[in-house]
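Here is the file model.cif (mmCIF, C-alpha atoms).
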```cif
data_run
#
loop_
_atom_site.label_atom_id
_atom_site.label_comp_id
_atom_site.auth_asym_id
_atom_site.auth_seq_id
_atom_site.Cartn_x
_atom_site.Cartn_y
_atom_site.Cartn_z
CA MET A 1 -21.75 3.68 3.08
CA LYS A 2 -20.83 7.36 3.44
CA ILE A 3 -19.88 9.37 0.34
CA LYS A 4 -18.50 12.88 0.38
CA GLN A 5 -17.64 15.35 -2.37
CA VAL A 6 -14.59 17.53 -2.99
CA VAL A 7 -14.72 21.15 -1.82
CA GLY A 8 -13.12 24.07 -3.66
CA ALA A 9 -11.30 22.14 -6.40
CA LYS A 10 -8.79 24.12 -8.48
CA PRO A 11 -8.81 24.01 -12.30
CA ASN A 12 -6.48 21.49 -13.92
CA GLY A 13 -3.00 22.72 -14.73
CA LEU A 14 -2.39 24.58 -11.47
CA LYS A 15 0.26 23.64 -8.96
CA TYR A 16 -1.14 22.01 -5.84
CA GLU A 17 0.04 22.27 -2.27
CA PRO A 18 -0.51 19.78 0.59
CA LYS A 19 -3.15 22.07 2.08
CA ASP A 20 -5.25 21.65 -1.08
CA PHE A 21 -5.80 18.01 -0.12
CA LYS A 22 -6.63 18.64 3.54
CA SER A 23 -10.26 18.74 4.62
CA ALA A 24 -11.57 20.96 7.39
CA ALA A 25 -12.50 17.94 9.53
CA ALA A 26 -10.79 17.55 12.90
CA VAL A 27 -8.45 14.55 12.87
CA LYS A 28 -9.73 12.09 15.48
CA TRP A 29 -6.81 9.73 15.96
CA CYS A 30 -5.07 9.36 19.29
CA PRO A 31 -2.17 11.79 19.85
CA GLY A 32 1.01 9.98 18.84
CA CYS A 33 -0.73 7.49 16.52
CA GLY A 34 1.39 6.64 13.48
CA ASP A 35 -1.61 7.26 11.22
CA HIS A 36 -1.03 11.02 11.58
CA ALA A 37 2.32 10.70 9.82
CA ILE A 38 0.85 8.65 6.99
CA LEU A 39 -1.89 11.24 6.44
CA ASN A 40 0.68 14.04 6.39
CA SER A 41 2.81 12.17 3.85
CA LEU A 42 -0.21 11.43 1.68
CA HIS A 43 -1.13 15.12 1.47
CA LYS A 44 2.43 15.89 0.36
CA ALA A 45 2.53 13.00 -2.12
CA MET A 46 -0.72 14.06 -3.77
CA SER A 47 0.46 17.64 -4.13
CA GLU A 48 3.64 16.41 -5.83
CA LEU A 49 1.68 14.25 -8.27
CA GLY A 50 -0.20 17.28 -9.56
CA ILE A 51 -3.52 15.46 -9.93
CA ALA A 52 -6.53 17.58 -9.02
CA PRO A 53 -8.44 16.74 -5.83
CA SER A 54 -11.55 16.48 -8.02
CA GLU A 55 -9.85 13.67 -9.98
CA THR A 56 -8.83 11.76 -6.85
CA VAL A 57 -10.84 9.21 -4.84
CA VAL A 58 -9.86 7.80 -1.44
CA VAL A 59 -11.70 4.64 -0.36
CA SER A 60 -11.45 2.87 2.99
CA GLY A 61 -13.01 -0.01 4.89
CA ILE A 62 -13.41 -0.10 8.67
CA GLY A 63 -10.81 0.55 11.35
CA CYS A 64 -8.78 3.39 12.80
CA SER A 65 -6.89 3.93 9.53
CA SER A 66 -10.16 3.86 7.59
CA ARG A 67 -11.18 7.25 8.98
CA LEU A 68 -8.61 8.79 6.62
CA PRO A 69 -11.05 9.79 3.80
CA TYR A 70 -12.69 12.29 6.18
CA TYR A 71 -9.39 14.15 6.35
CA MET A 72 -8.98 14.45 2.58
CA ASN A 73 -10.31 17.23 0.36
CA THR A 74 -10.95 14.68 -2.40
CA TYR A 75 -13.82 12.43 -3.30
CA GLY A 76 -14.00 9.70 -0.70
CA MET A 77 -15.89 6.68 0.49
CA HIS A 78 -15.87 5.20 3.99
CA THR A 79 -17.27 1.77 3.21
CA ILE A 80 -17.65 -1.57 5.02
CA HIS A 81 -15.28 -3.95 6.74
CA GLY A 82 -12.83 -5.59 4.33
CA ARG A 83 -14.64 -4.43 1.18
CA GLY A 84 -12.89 -1.13 0.57
CA ILE A 85 -10.64 -2.60 -2.14
CA SER A 86 -13.65 -4.11 -3.94
CA ILE A 87 -15.40 -0.74 -4.03
CA ALA A 88 -12.17 1.00 -5.07
CA THR A 89 -11.93 -1.52 -7.92
CA GLY A 90 -15.43 -0.60 -9.05
CA VAL A 91 -14.55 3.10 -8.99
CA LYS A 92 -11.40 2.57 -11.03
CA VAL A 93 -12.98 0.28 -13.62
CA SER A 94 -15.98 2.56 -14.11
CA ASN A 95 -13.73 5.64 -14.50
CA PRO A 96 -10.12 4.68 -15.26
CA ASP A 97 -9.07 8.34 -15.48
CA LEU A 98 -9.44 8.77 -11.71
CA SER A 99 -6.55 8.40 -9.27
CA VAL A 100 -7.90 5.86 -6.78
CA TRP A 101 -6.41 5.19 -3.35
CA SER A 102 -7.39 2.36 -1.02
CA ILE A 103 -6.64 2.89 2.68
CA SER A 104 -6.68 -0.07 5.04
CA GLY A 105 -5.28 -1.55 8.22
CA ASP A 106 -3.76 -5.01 8.72
CA GLY A 107 -7.00 -6.37 10.17
CA ASP A 108 -9.28 -4.81 7.56
CA ALA A 109 -7.17 -5.84 4.55
CA LEU A 110 -5.74 -9.18 5.60
CA ALA A 111 -8.54 -10.79 7.66
CA ILE A 112 -12.10 -10.14 6.49
CA GLY A 113 -10.75 -8.38 3.39
CA GLY A 114 -8.00 -10.87 2.58
CA ASN A 115 -9.71 -12.40 -0.44
CA HIS A 116 -10.39 -8.99 -1.99
CA PHE A 117 -6.82 -7.88 -1.24
CA ILE A 118 -5.09 -10.76 -3.03
CA HIS A 119 -7.40 -10.73 -6.05
CA ALA A 120 -7.03 -6.98 -6.63
CA ILE A 121 -3.29 -7.62 -6.67
CA ARG A 122 -3.59 -10.70 -8.89
CA ARG A 123 -5.79 -8.81 -11.35
CA ASN A 124 -3.39 -5.88 -11.24
CA VAL A 125 -6.10 -3.25 -10.80
CA ASP A 126 -4.55 0.23 -10.98
CA LEU A 127 -5.06 1.06 -7.29
CA ASN A 128 -2.73 2.72 -4.80
CA ILE A 129 -3.15 0.55 -1.70
CA ILE A 130 -1.83 1.95 1.58
CA LEU A 131 -1.69 -0.81 4.21
CA MET A 132 -1.13 0.57 7.70
CA ASN A 133 0.30 -2.27 9.77
CA ASN A 134 0.32 -1.86 13.56
CA LYS A 135 -0.12 -5.60 14.23
CA ILE A 136 -3.28 -5.05 16.29
CA TYR A 137 -7.00 -4.33 16.03
CA GLY A 138 -7.10 -0.81 17.45
CA LEU A 139 -10.66 0.36 16.80
CA THR A 140 -12.15 -2.74 18.45
CA LYS A 141 -9.84 -2.29 21.44
CA GLY A 142 -6.80 -4.48 21.19
CA GLN A 143 -7.40 -7.94 19.74
CA TYR A 144 -4.57 -9.70 17.88
CA SER A 145 -4.58 -9.32 14.09
CA PRO A 146 -3.35 -11.42 11.13
CA THR A 147 0.08 -9.78 11.42
CA SER A 148 0.51 -10.21 15.20
CA ASP A 149 3.55 -12.33 16.08
CA ARG A 150 3.23 -15.85 17.44
CA GLY A 151 2.95 -15.70 21.22
CA PHE A 152 1.55 -12.16 21.19
CA VAL A 153 -0.54 -11.45 24.30
CA SER A 154 -3.71 -9.45 23.70
CA LYS A 155 -7.30 -9.21 24.91
CA SER A 156 -8.27 -12.03 22.56
CA SER A 157 -5.11 -14.08 23.21
CA PRO A 158 -4.39 -13.73 26.96
CA MET A 159 -2.04 -16.74 26.88
CA GLY A 160 -0.39 -15.70 23.62
CA THR A 161 -1.37 -16.44 20.03
CA VAL A 162 -0.69 -19.90 18.65
CA GLU A 163 -0.65 -18.69 15.04
CA ASP A 164 2.08 -17.60 12.67
CA PRO A 165 1.42 -14.17 11.14
CA PHE A 166 1.05 -12.99 7.60
CA VAL A 167 3.98 -11.02 6.27
CA PRO A 168 2.24 -8.58 3.89
CA ALA A 169 5.13 -8.56 1.42
CA GLU A 170 5.05 -12.34 1.14
CA LEU A 171 1.30 -12.21 0.53
CA VAL A 172 1.64 -9.53 -2.15
CA LEU A 173 4.39 -11.35 -4.03
CA GLY A 174 2.57 -14.67 -3.64
CA ALA A 175 -0.45 -13.08 -5.32
CA ARG A 176 1.84 -12.16 -8.25
CA GLY A 177 2.08 -8.52 -7.21
CA ASN A 178 4.12 -6.19 -9.37
CA PHE A 179 4.66 -3.33 -6.94
CA PHE A 180 5.53 -3.46 -3.27
CA ALA A 181 7.10 -0.80 -1.06
CA ARG A 182 7.57 -0.58 2.70
CA THR A 183 8.05 2.41 4.97
CA LEU A 184 8.04 3.47 8.64
CA ASP A 185 5.67 6.06 10.08
CA VAL A 186 8.66 7.99 11.47
CA GLU A 187 10.22 8.27 8.00
CA LEU A 188 7.93 10.90 6.47
CA GLY A 189 10.14 11.71 3.50
CA LEU A 190 10.53 8.07 2.53
CA THR A 191 6.80 7.49 3.00
CA LYS A 192 6.02 10.29 0.56
CA GLU A 193 8.53 8.86 -1.95
CA CYS A 194 6.91 5.42 -1.76
CA MET A 195 3.43 6.88 -2.24
CA VAL A 196 4.51 8.93 -5.27
CA ALA A 197 6.18 5.88 -6.81
CA ALA A 198 3.04 3.81 -6.17
CA ALA A 199 0.80 6.39 -7.83
CA ARG A 200 3.05 6.59 -10.89
CA HIS A 201 3.04 2.82 -11.27
CA ARG A 202 0.31 1.46 -13.54
CA GLY A 203 -1.31 -1.47 -11.76
CA ALA A 204 -1.87 -2.59 -8.18
CA ALA A 205 0.70 -0.84 -5.98
CA VAL A 206 0.95 -1.78 -2.30
CA VAL A 207 2.73 0.41 0.24
CA GLU A 208 3.05 -1.20 3.67
CA ALA A 209 3.44 1.43 6.38
CA LEU A 210 4.70 0.14 9.72
CA VAL A 211 2.78 2.34 12.16
CA ASN A 212 2.65 2.56 15.93
CA CYS A 213 -0.50 2.20 18.04
CA VAL A 214 0.24 4.13 21.23
CA ILE A 215 -2.76 2.71 23.10
CA PHE A 216 -2.86 -1.03 22.44
CA ASN A 217 0.52 -1.89 20.86
CA ASN A 218 2.97 0.84 21.74
CA GLY A 219 6.50 0.25 20.47
CA ILE A 220 5.60 -2.71 18.24
CA HIS A 221 8.14 -1.60 15.60
CA LYS A 222 10.72 -0.12 17.97
CA GLN A 223 13.37 -2.64 16.91
CA TYR A 224 13.44 -0.74 13.58
CA ALA A 225 11.87 2.65 14.37
CA ASP A 226 13.79 3.80 17.45
CA LYS A 227 16.30 6.44 16.44
CA ALA A 228 19.10 4.72 18.35
CA VAL A 229 18.90 1.57 16.21
CA ARG A 230 17.20 2.70 13.00
CA ASP A 231 20.34 3.13 10.91
CA GLU A 232 21.61 -0.31 11.90
CA MET A 233 18.30 -2.17 11.53
CA THR A 234 16.86 -0.66 8.34
CA ILE A 235 18.10 -0.52 4.78
CA VAL A 236 16.53 1.88 2.28
CA LEU A 237 16.62 0.35 -1.18
CA ARG A 238 17.01 2.71 -4.13
CA GLN A 239 16.97 1.77 -7.78
CA GLY A 240 20.43 1.23 -9.26
CA GLU A 241 22.27 1.84 -5.99
CA PRO A 242 24.34 -0.61 -3.91
CA MET A 243 22.62 -2.10 -0.87
CA ILE A 244 24.44 -0.18 1.87
CA TYR A 245 23.23 0.65 5.36
CA GLY A 246 24.46 1.30 8.89
CA LYS A 247 25.14 4.43 10.92
CA GLU A 248 28.60 4.65 9.38
CA ARG A 249 27.38 3.37 6.00
CA ASP A 250 29.77 0.45 6.45
CA LYS A 251 27.36 -2.49 6.11
CA GLY A 252 25.84 -4.06 3.04
CA LEU A 253 24.12 -7.08 1.54
CA ILE A 254 25.54 -9.87 -0.59
CA LEU A 255 24.25 -13.23 -1.76
CA ASP A 256 25.70 -16.19 0.07
CA GLY A 257 24.47 -19.17 -1.92
CA PHE A 258 20.69 -18.77 -1.99
CA GLU A 259 20.51 -16.51 1.07
CA LEU A 260 21.10 -12.83 1.75
CA LYS A 261 23.98 -12.07 4.08
CA SER A 262 24.88 -8.86 5.89
CA VAL A 263 28.58 -7.99 5.66
CA THR A 264 30.86 -5.20 6.89
CA ILE A 265 32.78 -3.29 4.26
CA GLY A 266 36.50 -3.66 4.83
CA GLU A 267 36.26 -6.98 6.67
CA ASN A 268 37.30 -10.27 5.03
CA GLY A 269 38.18 -8.43 1.84
CA ILE A 270 34.67 -7.07 1.28
CA THR A 271 34.57 -3.93 -0.89
CA PRO A 272 31.60 -1.79 -2.03
CA GLU A 273 31.88 -3.45 -5.43
CA ASP A 274 30.93 -6.79 -3.84
CA LEU A 275 27.54 -5.52 -2.69
CA LEU A 276 24.28 -6.20 -4.46
CA ILE A 277 22.80 -3.46 -6.67
CA HIS A 278 19.08 -2.93 -6.24
CA ASP A 279 16.90 -3.52 -9.30
CA ALA A 280 13.19 -3.22 -8.49
CA THR A 281 12.26 -3.59 -12.16
CA THR A 282 13.52 -7.10 -12.84
CA ASN A 283 10.67 -9.51 -13.46
CA ASN A 284 12.46 -12.23 -11.48
CA HIS A 285 10.86 -11.97 -8.04
CA VAL A 286 13.26 -14.29 -6.18
CA LEU A 287 15.61 -11.57 -4.94
CA HIS A 288 12.65 -9.27 -4.24
CA SER A 289 11.17 -11.98 -2.03
CA LEU A 290 14.45 -12.45 -0.18
CA LEU A 291 14.71 -8.71 0.43
CA ALA A 292 11.10 -8.35 1.53
CA MET A 293 11.39 -11.24 4.00
CA MET A 294 14.95 -10.88 5.33
CA HIS A 295 13.87 -9.09 8.53
CA THR A 296 12.29 -12.35 9.66
CA GLN A 297 15.84 -13.72 10.07
CA PRO A 298 17.82 -12.89 13.25
CA GLY A 299 20.12 -9.89 12.96
CA MET A 300 18.98 -8.83 9.50
CA PRO A 301 17.62 -5.35 8.75
CA VAL A 302 14.16 -4.61 7.43
CA ALA A 303 14.05 -3.51 3.78
CA LEU A 304 12.39 -0.14 3.19
CA GLY A 305 11.62 1.77 0.00
CA VAL A 306 10.40 0.40 -3.31
CA ILE A 307 11.32 -3.29 -3.31
CA ARG A 308 9.50 -4.32 -6.49
CA SER A 309 8.17 -2.23 -9.41
CA VAL A 310 7.47 -4.24 -12.57
CA GLU A 311 5.29 -3.17 -15.48
CA ALA A 312 2.41 -5.46 -16.47
CA PRO A 313 -1.05 -5.11 -18.08
CA ALA A 314 -3.51 -3.35 -15.77
CA TYR A 315 -6.97 -4.87 -15.27
CA ASP A 316 -8.96 -1.64 -15.64
CA PHE A 317 -7.17 -0.71 -18.88
CA GLU A 318 -7.76 -4.16 -20.36
CA VAL A 319 -11.47 -4.08 -19.43
CA THR A 320 -11.82 -0.64 -21.03
CA GLN A 321 -10.21 -1.90 -24.21
CA GLN A 322 -12.64 -4.82 -24.33
CA LEU A 323 -15.59 -2.44 -23.98
CA VAL A 324 -14.31 -0.26 -26.81
CA LEU A 325 -13.84 -3.32 -29.00
CA ALA A 326 -17.32 -4.61 -28.16
CA GLN A 327 -18.86 -1.26 -29.10
CA GLU A 328 -16.99 -1.24 -32.40
CA GLN A 329 -18.07 -4.77 -33.30
CA ARG A 330 -21.71 -4.52 -32.23
CA PRO A 331 -24.31 -2.24 -33.87
CA ASN A 332 -25.32 0.70 -31.72
CA GLN A 333 -28.98 -0.29 -31.76
CA ASP A 334 -28.11 -3.67 -30.24
CA ILE A 335 -26.18 -1.98 -27.44
CA GLN A 336 -29.08 0.39 -26.79
CA LYS A 337 -31.51 -2.52 -26.76
CA HIS A 338 -29.32 -4.30 -24.19
CA LEU A 339 -29.14 -1.15 -22.03
CA ASN A 340 -32.92 -0.74 -22.19
CA HIS A 341 -33.31 -4.34 -21.05
CA LEU A 342 -30.98 -3.73 -18.11
CA THR A 343 -32.93 -0.60 -17.19
CA ARG A 344 -36.23 -2.51 -17.16
CA TRP A 345 -34.65 -5.26 -15.04
CA VAL A 346 -33.37 -2.76 -12.45
CA VAL A 347 -36.77 -0.98 -12.27
CA GLU A 348 -38.70 -4.22 -11.94
#
```

Could you express the structure from this file as structure tokens?
Amino acid sequence: MKIKQVVGAKPNGLKYEPKDFKSAAAVKWCPGCGDHAILNSLHKAMSELGIAPSETVVVSGIGCSSRLPYYMNTYGMHTIHGRGISIATGVKVSNPDLSVWSISGDGDALAIGGNHFIHAIRRNVDLNIILMNNKIYGLTKGQYSPTSDRGFVSKSSPMGTVEDPFVPAELVLGARGNFFARTLDVELGLTKECMVAAARHRGAAVVEALVNCVIFNNGIHKQYADKAVRDEMTIVLRQGEPMIYGKERDKGLILDGFELKSVTIGENGITPEDLLIHDATTNNHVLHSLLAMMHTQPGMPVALGVIRSVEAPAYDFEVTQQLVLAQEQRPNQDIQKHLNHLTRWVVE
């Protein structure tokens, strides 16, 4: 495990700029990799939050995306495969005042780290989890990942995969997640917005970033990311606003029975008043699930922005409260005796 310390931290209360969160390390991702855009957006998001670099920790596992802590002028840990979220949990629980970010790829978080991923979400640990999804193992040279589509041809599936993929949103909501947002690497402004919203949310906040791997999976998200089709194939959800999209802003979403349906405003009597209004804060996750999964249906756009943001008790806060209560109820000498016993056990 490699641990680095913050350099040149400013005193609290000062305004921060993106450059204050950039390290002097050379960024060693391939030119054109979507991870560059996520890093850039993260620097901007952190400066907007106003939290000092010395009060920020970035933890990663293993993979291309997991090199990100080296490029941050914050505390950081580059840990082991799939265990970044577990270590981030330990950091947050031991010092709840820190702003803790977990950086991972689809292979790192959803394969070897899948168990840790879902339980951090279930426990609602106050972590900001950035999941970079390029549907491939890039660092180990192009094997299919848990998010690769059925039939995907790769070095480890030369005849095509025979598996159905995880959809990260479905996994998050199935683990009783309270915050989920999705963004594209080419949408830097939206990516920053999602990161800021995640950091301001108390509890486990997952931001899925659809990123491109120019070497092993180039164009994997082009059906949404290409400029020629982006307006027609993406819908940015904003709290309290109607679900409108399209190059001419003439399309929208309605409920047709128990399914979402894309409609054209002005056709068949459809007016803007007929469209659904986005509410990320409702505790009922049914509509959130439909929105998060609708791109798996032919002809439907992919939902971007904050899809779900619901308040719930955070694990680290609850643990801290239990410790305070235990200290109040137990004589100090008993606590010290217990600590001395632990010290002897560690030494022995």

| What do you get, as number ranges by chain, if you spell out every residue that the PyMOL selection byres ((chain A and resi 191-196) around 10) selects here? | A: 37-49, 128-130, 180-190, 197-201, 205-209, 304-307

| task | With the file shown as input, list the residues that the PyMOL selection byres ((chain A and resi 74) around 8) selects, as a list in words. | result |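 The output of the PyMOL selection byres ((chain A and resi 74) around 8) on this file is Gln5, Val6, Val7, Phe21, Pro53, Ser54, Glu55, Thr56, Val57, Val58, Pro69, Met72, Asn73, Tyr75 and Gly76 of chain A.
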
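With atom CA of Leu210 of chain A on one side and atom CA of Asp231 of chain A on the other, the separation reads 16.0 Å.
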
| request: Just give me the gap between atom CA of Ile118 of chain A and atom CA of Leu68 of chain A in Å, one decimal is fine. | output: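 Result for atom CA of Ile118 of chain A versus atom CA of Leu68 of chain A: 22.1 Å, one decimal.
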
Quick one: apply the PyMOL selection byres ((chain A and resi 124) around 6) to the file and drop the selected residues here as a tab-separated table (two decimals) with C-alpha atoms, keeping the file's coordinate frame.
```tsv
chain	number	residue	atom	x	y	z
A	120	ALA	CA	-7.03	-6.98	-6.63
A	121	ILE	CA	-3.29	-7.62	-6.67
A	122	ARG	CA	-3.59	-10.70	-8.89
A	123	ARG	CA	-5.79	-8.81	-11.35
A	125	VAL	CA	-6.10	-3.25	-10.80
A	203	GLY	CA	-1.31	-1.47	-11.76
A	204	ALA	CA	-1.87	-2.59	-8.18
A	314	ALA	CA	-3.51	-3.35	-15.77
A	315	TYR	CA	-6.97	-4.87	-15.27
```

Contact residues around Phe258 of chain A with all atoms listed in the file at 12 Å, ignoring same-chain residues under 4 positions, as a PDB file with C-alpha atoms, keeping the file's coordinate frame:
```
ATOM      1  CA  ILE A 254      25.540  -9.870  -0.590  1.00  0.00           C
ATOM      2  CA  VAL A 286      13.260 -14.290  -6.180  1.00  0.00           C
ATOM      3  CA  LEU A 287      15.610 -11.570  -4.940  1.00  0.00           C
ATOM      4  CA  SER A 289      11.170 -11.980  -2.030  1.00  0.00           C
ATOM      5  CA  LEU A 290      14.450 -12.450  -0.180  1.00  0.00           C
ATOM      6  CA  LEU A 291      14.710  -8.710   0.430  1.00  0.00           C
TER       7      LEU A 291
END
```

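With all atoms listed in the file as the atoms that count, the residue of A:Leu237, A:Val229, A:Leu173, A:Ile112 with the shortest distance to Met293 of chain A is A:Leu173.
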
| said: With distances taken over only C-alpha atoms, which residue among A:Ser102, A:Ser94, A:Thr264, A:Ser86 lies nearest Ser65 of chain A? | reply: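 Distance minimum relative to Ser65 of chain A lands on A:Ser102.
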